[in-house]
Amino acid sequence: MTERSTDLAGAERAYELDRRHVFHSWSAQEKLDPMVVTKAEGAYVWDGAGNRYLDFASQLVFTNLGHQHPKVVRAIQEQAAILCTIAPGTVNDARSEAARLISTHTPDGLDRMFFTNGGADANEHAIRMARLHTGRPKVLSRYRSYHGGTHLAVNVTGDPRRWASDAAADGVVHFFGPFLYRSAFSATTQEEECERALAHLEQVIQLEGPSTIAAILLESIPGTAGIMVPPPGYLRGVRELCDRHGIMFIADEVMSGFGRAGKWFAVEHDDVVPDLMTFAKGVNSGYAPLGGVAIGEPIYRTFAERVYPGGLTYSGHPLACAAAVATIHAMEDEGVVEHAERLGREVLGPGLQALAGKHEWIGEVRGTGAFWALELVSDRATREPLAPYGASSPEMAAILAACKTRGLLPMANFNRIHCVPPLNTSVDEAREGLAILDEALTEARTSAG
């Protein structure tokens with residue numbers, strides 16, 4: 001039996017066992033036909049038949065350093081040989097060093113790290129901290145947002161993934177954030193959108209009762225909900241509203257953090273310091289489950305003498321923290337954040353704008369760094385989405401199929417294609433992905449007539 005046939009046999013067995021025993025997230029189980037991935041390296045993955053794909057999704061926007069980065073793999077191996085795991089109440093050097101390194105890049109004052117297993121539980125704990133600190137019950141979050149799949153995290157989420165689990169009993173109030181292309185405020189400029197979105201939020205605060213609101217939770221740049229980069233001044237305006245009313249500002253940087261938006265954290269684009277900041281994904285490129293909450297001094301002082309009623313068995317797991325230490329060092333040494341900023345400014349941004357000039361289905365291009373979205377429409381004049389909100393369409397399926405046939409794995413959500421490759425993707429690889437996307441859009445549009 002050849003090596004090729006052995007690989008095929010292994011892939012077939014993996015697929016058979018998956019379909020028999022694995023229950024997949026966000027899916028109707030009997031309708032699934034998942035791709036088998038046998039290996040990955042850099043910006044590429046290979047399927048069970050040996051086909052190579054350029055990963056323009058960074059999986060779920062977490063492989064910020066790409067696949068199998070040797071420094072991170074080696075760090076996990078070395079840590080496993082020393083200390084695989086230990087209870088969170090003890091001290092270990094991987095956790096301590098990860099916390100120190102993260103604090104060198106977080107906004108000033110966010111120097112304490114509470115480690116979680118991922119972004120959803122980071123947001124759950126940030127909300128709990130804010131409620132206990134303020135003694136208030138409510139949390140405000142925007143429509144068109146995603147904060148995780150656990151109970152409270154999915155209830156603060158502002159997209160259709162919330163609906164099936166929303167019991168309307170978790171003290172959550174949603175509001176409209178800025179999104180000029182589909183403005184809820186009839187704005188015609190970014191300045192108007194910013195001003196009106198802040199006025200709307202202030203009105204929501206007043207009508208809900210400022211003294212009842214513990215926190216405003218915002219993705220610094222909404223991710224899977226559409227990569228809507230907020231207009232300049234919006235996050236500063238939210239910060240000012242929070243300060244005025246004693247409300248905690250929680251910045252969700254789970255997807256936008258650790259270089260994804262061309263800065264270490266996206267709040268830097270508006271020079272804002274939140275009270276709490278959540279992170280995950282890019283902190284160690286997803287090589288092991290890790291998330292966390294960066295905590296400002298006032299909230300830390302609340303729990304200096306008072307027990308914080310929360311914890312996790314695997315909080316600050318040594319293998320995950322060792323991966324974080326290696327990831328941050330690699331990002332610093334290799335200039336990854338700076339490269340991501342240039343990649344967006346010089347390649348992805350201009351390249352996607354050029355596609356918009358060719359393809360009538362592209363209504364808007366938006367993004368920064370290695371964090372971009374194409375808003376696809378069936379009619380540019382009416383801005384009718386190419387797929388309904390909360391669903392897909394034959395046209396979107398055709399685009400994705402054409403991409404995959406040509407060796408590209410983009411990320412899609414409703415009527416959008418997200419271009420979110422690893423931050424260290426080369427210029428040539430980025431241009432390769434854009435060229436494939438160009439061909440896929442042409443094929444799908446031609447087939448649709």
# chains A, B, ... in the order shown; residues from 1 in each chain; ligands from 1
call {"tool": "residues_around", "arguments": {"residues": "Glu191 (chain A)", "least_positions_apart": "2", "cutoff": "12 Å", "atoms": "only C-alpha atoms", "output": "PyMOL selection string"}}
result
chain A and resi 178-180+185+187-189+193-198+230-234
call {"tool": "closest_atom_pairs", "arguments": {"of": "region 5-97 of chain A", "to": "region 272-287 of chain A", "cutoff": "6 Å", "atoms": "only C-alpha atoms", "output": "JSON lines"}}
result
{"residue": "A:Phe62", "atom": "CA", "partner": "A:Lys281", "partner_atom": "CA", "distance": 4.5}
{"residue": "A:Thr63", "atom": "CA", "partner": "A:Ser285", "partner_atom": "CA", "distance": 4.3}
{"residue": "A:Asn64", "atom": "CA", "partner": "A:Ser285", "partner_atom": "CA", "distance": 5.1}
{"residue": "A:Leu65", "atom": "CA", "partner": "A:Ser285", "partner_atom": "CA", "distance": 5.9}
call {"tool": "residues_around", "arguments": {"residues": "Tyr15 (chain A)", "least_positions_apart": "3", "cutoff": "12 Å", "atoms": "only C-alpha atoms", "output": "list in words"}}
result
Leu8, Ala9, Gly10, Ala11, Glu12, Asp18, Arg19, Arg20, His21, Val22, Leu32, Asp33, Pro34, Met35, Val36, Val37, Thr38, Asp47, Gly48 and Ala49 of chain A
call {"tool": "residues_around", "arguments": {"residues": "Ile82 (chain A)", "least_positions_apart": "2", "cutoff": "12 Å", "atoms": "only C-alpha atoms", "output": "PyMOL selection string"}}
result
chain A and resi 75-80+84-86+92-94+318-319+322
call {"tool": "write_last_selection", "arguments": {"atoms": "C-alpha atoms", "output": "CSV table (one decimal), in the first residue's frame"}}
result
chain,number,residue,atom,x,y,z
A,75,ALA,CA,7.2,25.6,23.3
A,76,ILE,CA,4.3,23.2,23.8
A,77,GLN,CA,6.6,20.2,23.5
A,78,GLU,CA,9.1,21.6,26.0
A,79,GLN,CA,6.4,22.5,28.4
A,80,ALA,CA,4.8,19.0,28.2
A,84,CYS,CA,1.7,19.2,31.5
A,85,THR,CA,-0.9,20.4,33.9
A,86,ILE,CA,-1.4,21.8,37.4
A,92,ASN,CA,3.6,28.0,37.4
A,93,ASP,CA,6.1,29.9,35.4
A,94,ALA,CA,4.2,29.5,32.0
A,318,PRO,CA,0.5,25.4,31.4
A,319,LEU,CA,0.5,24.1,27.9
A,322,ALA,CA,3.5,28.2,27.1
call {"tool": "closest_atom_pairs", "arguments": {"of": "region 48-145 of chain A", "to": "region 362-380 of chain A", "cutoff": "10 Å", "atoms": "only C-alpha atoms", "output": "Markdown table"}}
result
| residue | atom | partner | partner_atom | distance |
| --- | --- | --- | --- | --- |
| A:Phe56 | CA | A:Ala370 | CA | 9.8 |
| A:Ala57 | CA | A:Phe371 | CA | 9.8 |
| A:Val61 | CA | A:Phe371 | CA | 8.9 |
| A:Asn64 | CA | A:Ala370 | CA | 9.2 |
call {"tool": "write_last_selection", "arguments": {"atoms": "C-alpha atoms", "output": "PDB file, in the first residue's frame"}}
result
ATOM      1  CA  PHE A  56      -8.148  32.698   4.146  1.00  0.00           C
ATOM      2  CA  ALA A  57     -10.305  32.153   7.255  1.00  0.00           C
ATOM      3  CA  VAL A  61     -10.089  33.663  12.822  1.00  0.00           C
ATOM      4  CA  ASN A  64      -2.903  34.420  13.695  1.00  0.00           C
TER       5      ASN A  64
END
call {"tool": "closest_residue", "arguments": {"among": "A:Pro222, A:Gly158, A:Pro385, A:Gly311", "to": "Ala251 (chain A)", "atoms": "only C-alpha atoms"}}
result
A:Pro222
call {"tool": "closest_residue", "arguments": {"among": "A:Ile328, A:Met228, A:Ala164, A:Leu241", "to": "Arg416 (chain A)", "atoms": "only C-alpha atoms"}}
result
A:Met228
call {"tool": "residues_around", "arguments": {"residues": "Arg142 (chain A)", "least_positions_apart": "3", "cutoff": "6 Å", "atoms": "only C-alpha atoms", "output": "ChimeraX atom specification"}}
result
/A:158,174-177
call {"tool": "write_last_selection", "arguments": {"atoms": "C-alpha atoms", "output": "mmCIF file, in the first residue's frame"}}
result
data_model
loop_
_atom_site.group_PDB
_atom_site.id
_atom_site.type_symbol
_atom_site.label_atom_id
_atom_site.label_comp_id
_atom_site.auth_asym_id
_atom_site.auth_seq_id
_atom_site.Cartn_x
_atom_site.Cartn_y
_atom_site.Cartn_z
ATOM 1 C CA GLY A 158 -26.669 40.367 18.875
ATOM 2 C CA HIS A 174 -29.435 45.398 22.891
ATOM 3 C CA PHE A 175 -28.849 48.639 21.027
ATOM 4 C CA PHE A 176 -27.773 49.689 17.533
ATOM 5 C CA GLY A 177 -24.083 50.271 16.931
#
